[in-house]
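Enquirer: For reference, the file my_file-v5.txt (compact mmCIF, C-alpha atoms) is included below:
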```
# COMPACT_ATOMS: atom_id res chain seq x y z
CA MET A 1 0.00 0.00 0.00
CA ASP A 2 1.38 3.42 -0.94
CA HIS A 3 1.08 5.55 2.19
CA ARG A 4 0.73 8.84 0.32
CA ASP A 5 -1.92 7.57 -2.09
CA GLU A 6 -3.88 6.13 0.82
CA ALA A 7 -3.70 9.38 2.81
CA ARG A 8 -4.70 11.45 -0.23
CA ASP A 9 -7.71 9.29 -1.10
CA PHE A 10 -8.80 9.00 2.52
CA LEU A 11 -8.71 12.74 3.26
CA SER A 12 -10.31 13.79 -0.01
CA GLY A 13 -13.02 11.18 0.43
CA ARG A 14 -13.84 12.35 3.96
CA ARG A 15 -13.95 15.98 2.79
CA ALA A 16 -16.33 15.11 -0.05
CA ARG A 17 -18.90 13.51 2.22
CA ILE A 18 -19.41 16.50 4.58
CA THR A 19 -21.81 19.20 3.43
CA PRO A 20 -21.35 22.86 4.41
CA GLU A 21 -24.53 22.60 6.46
CA GLN A 22 -23.10 19.70 8.48
CA ALA A 23 -19.94 21.72 9.11
CA GLY A 24 -21.90 24.83 10.13
CA ILE A 25 -20.73 26.85 7.11
CA GLU A 26 -23.11 29.43 5.64
CA THR A 27 -23.18 29.27 1.82
CA PHE A 28 -25.54 32.23 1.25
CA GLY A 29 -27.25 30.36 -1.57
CA THR A 30 -24.19 30.38 -3.82
CA ARG A 31 -23.83 27.61 -6.38
CA ARG A 32 -21.05 25.16 -5.56
CA ARG A 33 -19.11 22.91 -7.91
CA VAL A 34 -18.44 20.32 -5.19
CA THR A 35 -20.95 18.54 -2.97
CA GLY A 36 -18.66 18.45 0.04
CA LEU A 37 -16.39 20.99 1.65
CA ARG A 38 -13.75 22.94 -0.21
CA ARG A 39 -10.14 22.63 0.85
CA GLU A 40 -10.04 26.19 2.09
CA GLU A 41 -13.09 25.52 4.26
CA VAL A 42 -11.42 22.51 5.88
CA SER A 43 -8.22 24.48 6.42
CA ARG A 44 -10.19 27.25 8.12
CA LEU A 45 -12.06 24.81 10.34
CA ALA A 46 -8.80 23.08 11.27
CA GLY A 47 -6.94 26.32 11.89
CA VAL A 48 -4.15 25.68 9.36
CA SER A 49 -3.19 27.46 6.18
CA ILE A 50 -4.69 26.39 2.87
CA ASP A 51 -1.22 25.56 1.57
CA TYR A 52 -0.52 23.33 4.54
CA TYR A 53 -3.84 21.51 4.30
CA THR A 54 -3.38 21.07 0.55
CA ARG A 55 -0.04 19.41 1.28
CA LEU A 56 -1.75 17.02 3.70
CA GLU A 57 -4.50 16.16 1.26
CA ARG A 58 -1.92 15.42 -1.41
CA GLY A 59 -0.81 12.64 0.90
CA ASN A 60 2.23 14.20 2.55
CA LEU A 61 1.84 13.60 6.29
CA GLN A 62 5.53 13.74 7.11
CA GLY A 63 6.26 15.84 10.17
CA VAL A 64 2.61 16.54 10.94
CA SER A 65 1.93 16.94 14.66
CA ASP A 66 -0.72 15.13 16.67
CA SER A 67 -2.43 18.45 17.36
CA VAL A 68 -2.80 19.15 13.64
CA LEU A 69 -4.10 15.62 13.02
CA ASP A 70 -6.65 16.13 15.78
CA ALA A 71 -7.70 19.48 14.31
CA VAL A 72 -8.14 17.99 10.83
CA ALA A 73 -10.06 15.05 12.34
CA ARG A 74 -12.44 17.47 14.06
CA ALA A 75 -12.90 19.51 10.89
CA LEU A 76 -13.71 16.38 8.89
CA GLN A 77 -15.88 14.97 11.71
CA LEU A 78 -13.98 11.69 11.77
CA ASP A 79 -15.25 8.94 14.05
CA PRO A 80 -12.84 7.13 16.42
CA ALA A 81 -11.91 4.44 13.87
CA GLU A 82 -11.22 7.07 11.21
CA ARG A 83 -9.12 9.15 13.62
CA GLU A 84 -7.06 6.08 14.43
CA HIS A 85 -6.66 5.32 10.72
CA LEU A 86 -5.41 8.85 10.02
CA ARG A 87 -2.87 8.53 12.85
CA ASP A 88 -1.74 5.16 11.48
CA LEU A 89 -1.18 6.68 8.03
CA ALA A 90 0.86 9.50 9.54
CA ARG A 91 2.83 7.13 11.77
CA HIS A 92 3.93 4.98 8.86
CA GLN A 93 5.12 8.03 6.93
CA ASN A 94 7.13 9.24 9.91
CA THR A 95 8.94 6.03 10.80
CA THR A 96 11.73 4.21 9.01
CA PRO A 97 10.13 1.63 6.73
CA ARG A 98 11.02 -1.98 7.21
CA ARG A 99 12.78 -3.90 4.48
CA ALA A 100 10.53 -3.95 1.43
CA GLY A 101 8.35 -7.03 1.18
CA ARG A 102 9.08 -8.24 4.69
CA PRO A 103 5.98 -10.04 6.01
CA THR A 104 4.40 -9.17 9.33
CA PRO A 105 4.90 -12.09 11.75
CA VAL A 106 1.69 -13.92 12.60
CA ALA A 107 1.27 -14.88 16.23
CA ALA A 108 0.75 -18.59 16.81
CA VAL A 109 -2.31 -19.65 18.75
CA ARG A 110 -1.14 -20.69 22.21
CA PRO A 111 -2.65 -23.87 23.66
CA GLU A 112 -4.11 -21.77 26.48
CA LEU A 113 -6.21 -19.87 23.94
CA GLN A 114 -7.70 -23.11 22.61
CA TYR A 115 -8.47 -24.13 26.20
CA LEU A 116 -10.30 -20.82 26.59
CA LEU A 117 -12.32 -21.39 23.42
CA ASP A 118 -13.26 -24.92 24.42
CA ALA A 119 -14.39 -23.71 27.84
CA VAL A 120 -17.11 -21.65 26.10
CA ALA A 121 -19.70 -24.41 25.78
CA ASP A 122 -22.94 -22.63 24.87
CA ALA A 123 -21.84 -20.00 22.33
CA PRO A 124 -19.81 -19.95 19.12
CA ALA A 125 -16.33 -18.58 19.84
CA MET A 126 -13.36 -18.03 17.54
CA ILE A 127 -10.01 -16.34 17.20
CA VAL A 128 -9.41 -14.38 13.99
CA ASN A 129 -6.23 -12.78 12.65
CA ASN A 130 -5.82 -9.41 10.96
CA ARG A 131 -6.63 -10.92 7.53
CA GLN A 132 -9.96 -12.29 8.83
CA ASP A 133 -8.81 -15.92 8.87
CA ILE A 134 -10.31 -18.15 11.54
CA VAL A 135 -7.16 -19.50 13.20
CA ALA A 136 -8.93 -21.29 16.08
CA ALA A 137 -12.49 -21.89 17.28
CA ASN A 138 -14.60 -24.03 19.56
CA ALA A 139 -16.92 -26.71 18.18
CA LEU A 140 -19.88 -24.31 17.93
CA GLY A 141 -17.73 -21.70 16.20
CA TYR A 142 -16.80 -24.14 13.45
CA ALA A 143 -20.37 -25.48 13.27
CA MET A 144 -21.81 -21.99 12.87
CA HIS A 145 -19.46 -21.49 9.90
CA SER A 146 -19.82 -24.98 8.43
CA ASP A 147 -20.10 -23.58 4.90
CA LEU A 148 -16.72 -21.94 5.39
CA VAL A 149 -15.26 -25.19 6.72
CA ASP A 150 -16.57 -27.03 3.66
CA ALA A 151 -15.36 -24.39 1.18
CA SER A 152 -12.52 -25.27 -1.15
CA ALA A 153 -10.35 -22.25 -0.20
CA ARG A 154 -7.07 -23.08 1.54
CA THR A 155 -7.86 -20.98 4.62
CA LEU A 156 -11.04 -20.25 6.57
CA ASN A 157 -11.15 -16.63 5.47
CA PHE A 158 -14.24 -14.47 5.96
CA ALA A 159 -13.41 -12.02 3.16
CA ARG A 160 -13.03 -14.74 0.53
CA PHE A 161 -16.23 -16.38 1.74
CA ILE A 162 -18.24 -13.15 1.64
CA PHE A 163 -17.09 -12.00 -1.79
CA LEU A 164 -16.29 -15.21 -3.64
CA ASP A 165 -18.71 -17.84 -2.28
CA PRO A 166 -22.39 -17.48 -3.32
CA ARG A 167 -23.48 -19.30 -0.14
CA SER A 168 -22.51 -16.24 1.90
CA ARG A 169 -25.52 -14.33 0.55
CA ASN A 170 -27.81 -16.84 2.26
CA PHE A 171 -25.72 -17.14 5.42
CA TYR A 172 -25.64 -13.38 6.17
CA ARG A 173 -29.20 -12.11 6.43
CA ASP A 174 -27.89 -8.61 5.66
CA TRP A 175 -25.15 -9.46 3.16
CA ALA A 176 -24.52 -5.83 2.14
CA ARG A 177 -23.83 -4.84 5.73
CA ALA A 178 -21.54 -7.82 6.27
CA ALA A 179 -19.62 -7.00 3.10
CA HIS A 180 -19.20 -3.33 4.01
CA THR A 181 -18.08 -4.21 7.54
CA ASN A 182 -15.55 -6.74 6.31
CA VAL A 183 -13.96 -4.31 3.87
CA ALA A 184 -13.87 -1.53 6.48
CA ILE A 185 -12.07 -3.88 8.90
CA LEU A 186 -9.53 -4.87 6.23
CA ARG A 187 -8.97 -1.19 5.33
CA ARG A 188 -8.27 -0.41 8.98
CA GLU A 189 -5.86 -3.34 9.23
CA ALA A 190 -4.07 -2.27 6.05
CA GLY A 191 -3.44 1.10 7.68
CA ARG A 192 -2.12 -0.53 10.84
CA THR A 193 0.15 -3.10 9.14
CA PRO A 194 0.95 -1.76 5.64
CA ASN A 195 3.92 -4.13 5.21
CA ASP A 196 1.90 -7.31 5.71
CA ARG A 197 2.47 -9.11 2.40
CA GLU A 198 -0.25 -11.69 2.96
CA LEU A 199 -2.83 -8.99 3.74
CA ALA A 200 -1.79 -7.06 0.62
CA ALA A 201 -2.08 -10.26 -1.43
CA LEU A 202 -5.59 -10.91 -0.10
CA ILE A 203 -6.70 -7.37 -0.94
CA GLY A 204 -5.19 -7.68 -4.41
CA GLU A 205 -6.88 -11.03 -5.02
CA LEU A 206 -10.30 -9.76 -3.96
CA SER A 207 -9.88 -6.57 -5.99
CA MET A 208 -9.22 -8.67 -9.08
CA ARG A 209 -12.00 -11.20 -8.52
CA SER A 210 -14.89 -9.21 -7.02
CA ASP A 211 -16.54 -6.07 -8.37
CA ASP A 212 -18.36 -5.67 -5.06
CA PHE A 213 -15.12 -5.72 -3.10
CA ARG A 214 -13.41 -3.31 -5.48
CA GLU A 215 -16.28 -0.81 -5.20
CA LEU A 216 -16.35 -0.98 -1.40
CA TRP A 217 -12.56 -0.75 -1.13
CA ALA A 218 -12.61 2.47 -3.13
CA SER A 219 -14.82 4.12 -0.49
CA HIS A 220 -11.91 4.14 2.03
CA ASP A 221 -14.26 3.45 4.94
CA VAL A 222 -12.67 2.16 8.14
CA ARG A 223 -14.37 0.67 11.15
CA ARG A 224 -13.97 -0.75 14.61
CA HIS A 225 -16.22 -3.73 15.15
CA TYR A 226 -16.26 -4.79 18.78
CA ALA A 227 -19.87 -5.35 19.87
CA GLY A 228 -23.42 -5.59 18.54
CA VAL A 229 -25.99 -8.02 17.14
CA LYS A 230 -25.70 -10.09 13.97
CA SER A 231 -28.26 -12.17 12.11
CA PHE A 232 -27.40 -15.35 10.21
CA HIS A 233 -29.22 -18.15 8.41
CA HIS A 234 -27.66 -21.55 8.99
CA GLY A 235 -28.50 -24.33 6.58
CA VAL A 236 -29.17 -26.83 9.37
CA VAL A 237 -30.84 -24.87 12.19
CA GLY A 238 -32.25 -21.84 10.38
CA ASP A 239 -32.16 -18.23 11.57
CA LEU A 240 -29.78 -17.16 14.33
CA GLU A 241 -29.75 -13.78 16.05
CA LEU A 242 -26.60 -13.50 18.12
CA HIS A 243 -24.94 -10.86 20.22
CA PHE A 244 -21.21 -10.54 19.69
CA GLN A 245 -18.29 -9.18 21.64
CA THR A 246 -14.78 -8.90 20.18
CA LEU A 247 -11.63 -8.41 22.23
CA GLU A 248 -8.17 -7.75 20.82
CA LEU A 249 -5.65 -10.13 22.40
CA THR A 250 -2.91 -7.76 23.49
CA GLU A 251 -0.53 -10.60 24.37
CA ASP A 252 -1.01 -12.07 20.89
CA PRO A 253 -0.64 -9.20 18.39
CA GLY A 254 -2.82 -9.46 15.33
CA LEU A 255 -5.35 -11.80 16.93
CA SER A 256 -8.83 -11.08 18.31
CA LEU A 257 -11.36 -13.19 20.17
CA THR A 258 -15.07 -13.07 19.30
CA ILE A 259 -17.87 -14.77 21.23
CA TYR A 260 -21.49 -14.99 19.99
CA PRO A 261 -23.88 -15.58 22.91
CA ALA A 262 -27.61 -15.98 22.35
CA THR A 263 -30.26 -14.39 24.56
CA PRO A 264 -31.11 -17.00 27.23
CA GLY A 265 -34.42 -18.74 26.58
CA SER A 266 -34.61 -17.50 22.98
CA ALA A 267 -35.25 -19.53 19.84
CA THR A 268 -31.61 -18.93 18.90
CA ALA A 269 -30.44 -20.45 22.19
CA ASP A 270 -32.48 -23.56 21.37
CA ALA A 271 -31.05 -23.60 17.85
CA LEU A 272 -27.49 -23.50 19.19
CA ARG A 273 -28.16 -26.61 21.27
CA VAL A 274 -29.37 -28.40 18.14
CA LEU A 275 -26.33 -27.10 16.26
CA ALA A 276 -23.99 -28.45 18.94
CA SER A 277 -25.50 -31.95 18.60
CA TRP A 278 -25.24 -31.78 14.82
CA ALA A 279 -21.62 -30.58 15.02
CA ALA A 280 -20.66 -33.55 17.19
CA THR A 281 -22.30 -35.98 14.77
CA GLU A 282 -20.67 -34.42 11.71
CA ARG A 283 -17.27 -33.95 13.42
CA ILE A 284 -17.13 -30.34 12.19
CA ALA A 285 -14.37 -29.24 14.57
CA GLU A 286 -12.20 -32.25 13.77
CA ARG A 287 -12.58 -31.63 10.04
CA ALA A 288 -11.67 -27.97 10.43
CA ARG A 289 -8.59 -28.72 12.52
CA ASP A 290 -7.47 -31.51 10.17
CA ARG A 291 -7.73 -29.08 7.32
CA ALA A 292 -5.67 -26.48 9.19
CA THR A 293 -2.83 -28.96 9.73
CA THR A 294 -2.70 -29.85 6.03
CA ALA A 295 -3.04 -26.30 4.64
```
Any chance you could give the structure as structure tokens?
Expert:
Amino acid sequence: MDHRDEARDFLSGRRARITPEQAGIETFGTRRRVTGLRREEVSRLAGVSIDYYTRLERGNLQGVSDSVLDAVARALQLDPAEREHLRDLARHQNTTPRRAGRPTPVAAVRPELQYLLDAVADAPAMIVNNRQDIVAANALGYAMHSDLVDASARTLNFARFIFLDPRSRNFYRDWARAAHTNVAILRREAGRTPNDRELAALIGELSMRSDDFRELWASHDVRRHYAGVKSFHHGVVGDLELHFQTLELTEDPGLSLTIYPATPGSATADALRVLASWAATERIAERARDRATTA
């Protein structure tokens, strides 16, 4: 990923989406050639010169201070994930780059983490890396994603499943939302680890093979995705409405833990019990782990 191109497209895209009315700027009924803010309006809101802001929007974030980044973030009304992304882009321009092409090390899943997953008996639970690969899960986690386990791809990767496997459009009850969220997570990760060759290869593959991915990637949206409710349709047990909570594993960089509990006494809780019995019969977890050892 070219840091300057990314910064340029990100800043110009955020500027284009904010109307003068949203920014509290009076237009006095004048006709405007752009739908969003002008550069001089952003520079005024941020308290920097137009020349300096123009330099930033051309992608040059070298030497920019945190206070200026914060001022630009306020002017562009960036949310917390977008503010973090802007800081990541600046940080990578202001540090010595690592040797070109050097991959980012991937943390191995410690046995203790698998013990933790297996201790979660009544909810799907999984550990995912920064490329959205499932690297470990409990039996319900694999059963919930049985289509992914049965897919022909070499890794259990959510992005490939969403954009390249037609079954994903039945599995996610709101496929468009799932697709947008997945791309926004990958965009955030690309800003955090721009030298990750495997992440860059995944983004390149999806850009070549999926028009939907390519269109969403061009929006430069970024997102944190730590808690909420998701709806799925499983081929065996039907509709599932699950809460989710995601925690980044600080002792295992690049990995995050997600657990999907159901509301106690709900139809989804009953469905998960049926799913657990089916998973044991079909040996879903064993098949997934066998596949991981031969990948």
Enquirer: Taking all atoms listed in the file into account, which of A:Ala139, A:Phe161, A:Arg55, A:Ala201 comes nearest Asp122 in chain A?
Expert: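 Going through A:Ala139, A:Phe161, A:Arg55, A:Ala201 one by one, the smallest distance to Asp122 in chain A is for A:Ala139.
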Enquirer: Considering only C-alpha atoms, return as number ranges by chain whatever protein or nucleic-acid residues lie within 12 Å of Glu251 in chain A, sequence-local ones (same chain, fewer than 3 positions apart) excluded.
Expert: A: 107-110, 112-113, 247-248, 254-257
Enquirer: Need to verify the contact set: Leu89 in chain A, 9 Å, all atoms listed in the file, exclusion of same-chain residues closer than 3 positions in sequence. Can you return it as a PyMOL selection string?
Expert: chain A and resi 3-4+6-7+61+84-86+92-94+191-192
Enquirer: Using all atoms listed in the file, find each residue in range 148-220 of chain A having at least one atom no more than 12 Å away from range 12-36 of chain A; report its shortest atom-to-atom pair and that distance in Å (one decimal), rows by chain then rising number, as a tab-separated table.
Expert:
```
residue	atom	partner	partner_atom	distance
A:Ala218	CA	A:Gly13	CA	9.4
A:Ser219	CA	A:Gly13	CA	7.3
A:His220	CA	A:Gly13	CA	7.3
```
Enquirer: Can you measure CA of Glu241 in chain A to CA of Gly228 in chain A for me? One decimal in Å is fine.
Expert: 10.6 Å
Enquirer: When you draw a straight line from CA of Ala159 in chain A to CA of Pro261 in chain A, how long is it in Å?
Expert: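 Separation between CA of Ala159 in chain A and CA of Pro261 in chain A: 22.6 Å.
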Enquirer: What does the distance between CA of Ser67 in chain A and CA of Leu11 in chain A come to in Å, to one decimal place?
Expert: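 Those two atoms sit 16.5 Å apart.
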Enquirer: Could you check the closest approach to Thr281 in chain A for each of A:Leu242, A:Ala73, A:Val48, A:Ala143 and tell me which residue wins, using only C-alpha atoms?
Expert: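 When distances to Thr281 in chain A are compared using only C-alpha atoms, the smallest one comes from A:Ala143.
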Enquirer: Could you list, as a PDB file with C-alpha atoms, in the coordinates of the input, every residue within 10 Å of Asp221 in chain A, counting all atoms listed in the file and ignoring same-chain residues fewer than 4 positions away?
Expert:
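The result, stored in out-v9.pdb:
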```pdb
ATOM      1  CA  PHE A  10      -8.800   9.000   2.520  1.00  0.00           C
ATOM      2  CA  GLY A  13     -13.020  11.180   0.430  1.00  0.00           C
ATOM      3  CA  ARG A  14     -13.840  12.350   3.960  1.00  0.00           C
ATOM      4  CA  ALA A  81     -11.910   4.440  13.870  1.00  0.00           C
ATOM      5  CA  GLU A  82     -11.220   7.070  11.210  1.00  0.00           C
ATOM      6  CA  HIS A  85      -6.660   5.320  10.720  1.00  0.00           C
ATOM      7  CA  HIS A 180     -19.200  -3.330   4.010  1.00  0.00           C
ATOM      8  CA  THR A 181     -18.080  -4.210   7.540  1.00  0.00           C
ATOM      9  CA  VAL A 183     -13.960  -4.310   3.870  1.00  0.00           C
ATOM     10  CA  ALA A 184     -13.870  -1.530   6.480  1.00  0.00           C
ATOM     11  CA  ILE A 185     -12.070  -3.880   8.900  1.00  0.00           C
ATOM     12  CA  LEU A 186      -9.530  -4.870   6.230  1.00  0.00           C
ATOM     13  CA  ARG A 187      -8.970  -1.190   5.330  1.00  0.00           C
ATOM     14  CA  ARG A 188      -8.270  -0.410   8.980  1.00  0.00           C
ATOM     15  CA  LEU A 216     -16.350  -0.980  -1.400  1.00  0.00           C
ATOM     16  CA  TRP A 217     -12.560  -0.750  -1.130  1.00  0.00           C
TER      17      TRP A 217
END
```
Enquirer: Using only C-alpha atoms for the distances, tell me which of A:Ala176, A:Val68, A:Ala227, A:Asn130 is nearest to Asp252 in chain A.
Expert: A:Asn130
Enquirer: Hey, which of A:Val135, A:Leu140, A:Tyr172, A:Arg74 ends up closest to Ala121 in chain A? Count only C-alpha atoms.
Expert: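 Using only C-alpha atoms, Ala121 in chain A sits closest to A:Leu140.
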Enquirer: Restricted to all heavy atoms, what does range 163-174 of chain A look like when written out as a compact mmCIF listing (two decimals), in the first residue's frame?
Expert:
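Dumped to part-v1.txt:
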```txt
# COMPACT_ATOMS: atom_id res chain seq x y z
N PHE A 163 -17.11 -12.56 -0.43
CA PHE A 163 -17.09 -12.00 -1.79
C PHE A 163 -16.97 -13.03 -2.90
O PHE A 163 -17.29 -12.71 -4.06
CB PHE A 163 -15.97 -10.97 -1.90
CG PHE A 163 -16.23 -9.73 -1.09
CD1 PHE A 163 -15.64 -9.54 0.14
CD2 PHE A 163 -17.10 -8.75 -1.56
CE1 PHE A 163 -15.89 -8.41 0.89
CE2 PHE A 163 -17.36 -7.61 -0.81
CZ PHE A 163 -16.75 -7.45 0.42
N LEU A 164 -16.54 -14.24 -2.58
CA LEU A 164 -16.29 -15.21 -3.64
C LEU A 164 -17.16 -16.46 -3.55
O LEU A 164 -17.15 -17.26 -4.49
CB LEU A 164 -14.81 -15.62 -3.63
CG LEU A 164 -13.79 -14.48 -3.75
CD1 LEU A 164 -12.37 -15.04 -3.73
CD2 LEU A 164 -14.02 -13.65 -5.01
N ASP A 165 -17.89 -16.64 -2.45
CA ASP A 165 -18.71 -17.84 -2.28
C ASP A 165 -20.18 -17.44 -2.28
O ASP A 165 -20.63 -16.73 -1.38
CB ASP A 165 -18.35 -18.53 -0.96
CG ASP A 165 -18.93 -19.94 -0.87
OD1 ASP A 165 -20.06 -20.15 -1.36
OD2 ASP A 165 -18.26 -20.82 -0.30
N PRO A 166 -20.97 -17.88 -3.25
CA PRO A 166 -22.39 -17.48 -3.32
C PRO A 166 -23.19 -17.87 -2.07
O PRO A 166 -24.21 -17.23 -1.77
CB PRO A 166 -22.91 -18.24 -4.55
CG PRO A 166 -21.70 -18.54 -5.37
CD PRO A 166 -20.58 -18.73 -4.39
N ARG A 167 -22.75 -18.88 -1.34
CA ARG A 167 -23.48 -19.30 -0.14
C ARG A 167 -23.50 -18.22 0.93
O ARG A 167 -24.39 -18.20 1.80
CB ARG A 167 -22.86 -20.57 0.43
CG ARG A 167 -23.07 -21.80 -0.45
CD ARG A 167 -22.36 -23.01 0.10
NE ARG A 167 -20.91 -22.82 0.10
CZ ARG A 167 -20.04 -23.75 0.52
NH1 ARG A 167 -20.48 -24.91 1.00
NH2 ARG A 167 -18.74 -23.51 0.48
N SER A 168 -22.55 -17.29 0.87
CA SER A 168 -22.51 -16.24 1.90
C SER A 168 -23.74 -15.35 1.84
O SER A 168 -24.15 -14.79 2.87
CB SER A 168 -21.25 -15.38 1.71
OG SER A 168 -21.32 -14.59 0.53
N ARG A 169 -24.36 -15.22 0.68
CA ARG A 169 -25.52 -14.33 0.55
C ARG A 169 -26.75 -14.92 1.23
O ARG A 169 -27.70 -14.20 1.53
CB ARG A 169 -25.79 -14.02 -0.92
CG ARG A 169 -24.64 -13.21 -1.53
CD ARG A 169 -24.86 -12.90 -3.00
NE ARG A 169 -23.73 -12.17 -3.55
CZ ARG A 169 -23.66 -10.84 -3.66
NH1 ARG A 169 -24.67 -10.08 -3.25
NH2 ARG A 169 -22.57 -10.28 -4.17
N ASN A 170 -26.74 -16.22 1.46
CA ASN A 170 -27.81 -16.84 2.26
C ASN A 170 -27.44 -16.85 3.74
O ASN A 170 -28.31 -16.72 4.60
CB ASN A 170 -28.06 -18.27 1.78
CG ASN A 170 -28.68 -18.33 0.40
OD1 ASN A 170 -29.51 -17.49 0.06
ND2 ASN A 170 -28.28 -19.31 -0.39
N PHE A 171 -26.15 -17.03 4.03
CA PHE A 171 -25.72 -17.14 5.42
C PHE A 171 -25.89 -15.81 6.16
O PHE A 171 -26.39 -15.79 7.29
CB PHE A 171 -24.26 -17.58 5.46
CG PHE A 171 -23.70 -17.67 6.85
CD1 PHE A 171 -24.16 -18.63 7.73
CD2 PHE A 171 -22.70 -16.81 7.27
CE1 PHE A 171 -23.64 -18.72 9.02
CE2 PHE A 171 -22.18 -16.89 8.55
CZ PHE A 171 -22.65 -17.86 9.43
N TYR A 172 -25.48 -14.70 5.54
CA TYR A 172 -25.64 -13.38 6.17
C TYR A 172 -27.00 -12.82 5.78
O TYR A 172 -27.26 -12.56 4.60
CB TYR A 172 -24.53 -12.43 5.72
CG TYR A 172 -23.16 -12.83 6.19
CD1 TYR A 172 -22.28 -13.48 5.34
CD2 TYR A 172 -22.75 -12.57 7.49
CE1 TYR A 172 -21.02 -13.86 5.77
CE2 TYR A 172 -21.49 -12.94 7.93
CZ TYR A 172 -20.63 -13.59 7.07
OH TYR A 172 -19.38 -13.97 7.50
N ARG A 173 -27.86 -12.61 6.75
CA ARG A 173 -29.20 -12.11 6.43
C ARG A 173 -29.15 -10.69 5.89
O ARG A 173 -30.05 -10.27 5.16
CB ARG A 173 -30.09 -12.21 7.66
CG ARG A 173 -30.37 -13.67 8.04
CD ARG A 173 -31.20 -13.79 9.29
NE ARG A 173 -32.51 -13.17 9.13
CZ ARG A 173 -33.36 -12.98 10.15
NH1 ARG A 173 -33.04 -13.37 11.37
NH2 ARG A 173 -34.52 -12.41 9.93
N ASP A 174 -28.12 -9.92 6.25
CA ASP A 174 -27.89 -8.61 5.66
C ASP A 174 -26.50 -8.66 5.02
O ASP A 174 -25.52 -8.21 5.59
CB ASP A 174 -27.97 -7.51 6.71
CG ASP A 174 -27.93 -6.11 6.11
OD1 ASP A 174 -27.53 -5.97 4.94
OD2 ASP A 174 -28.28 -5.14 6.82
```
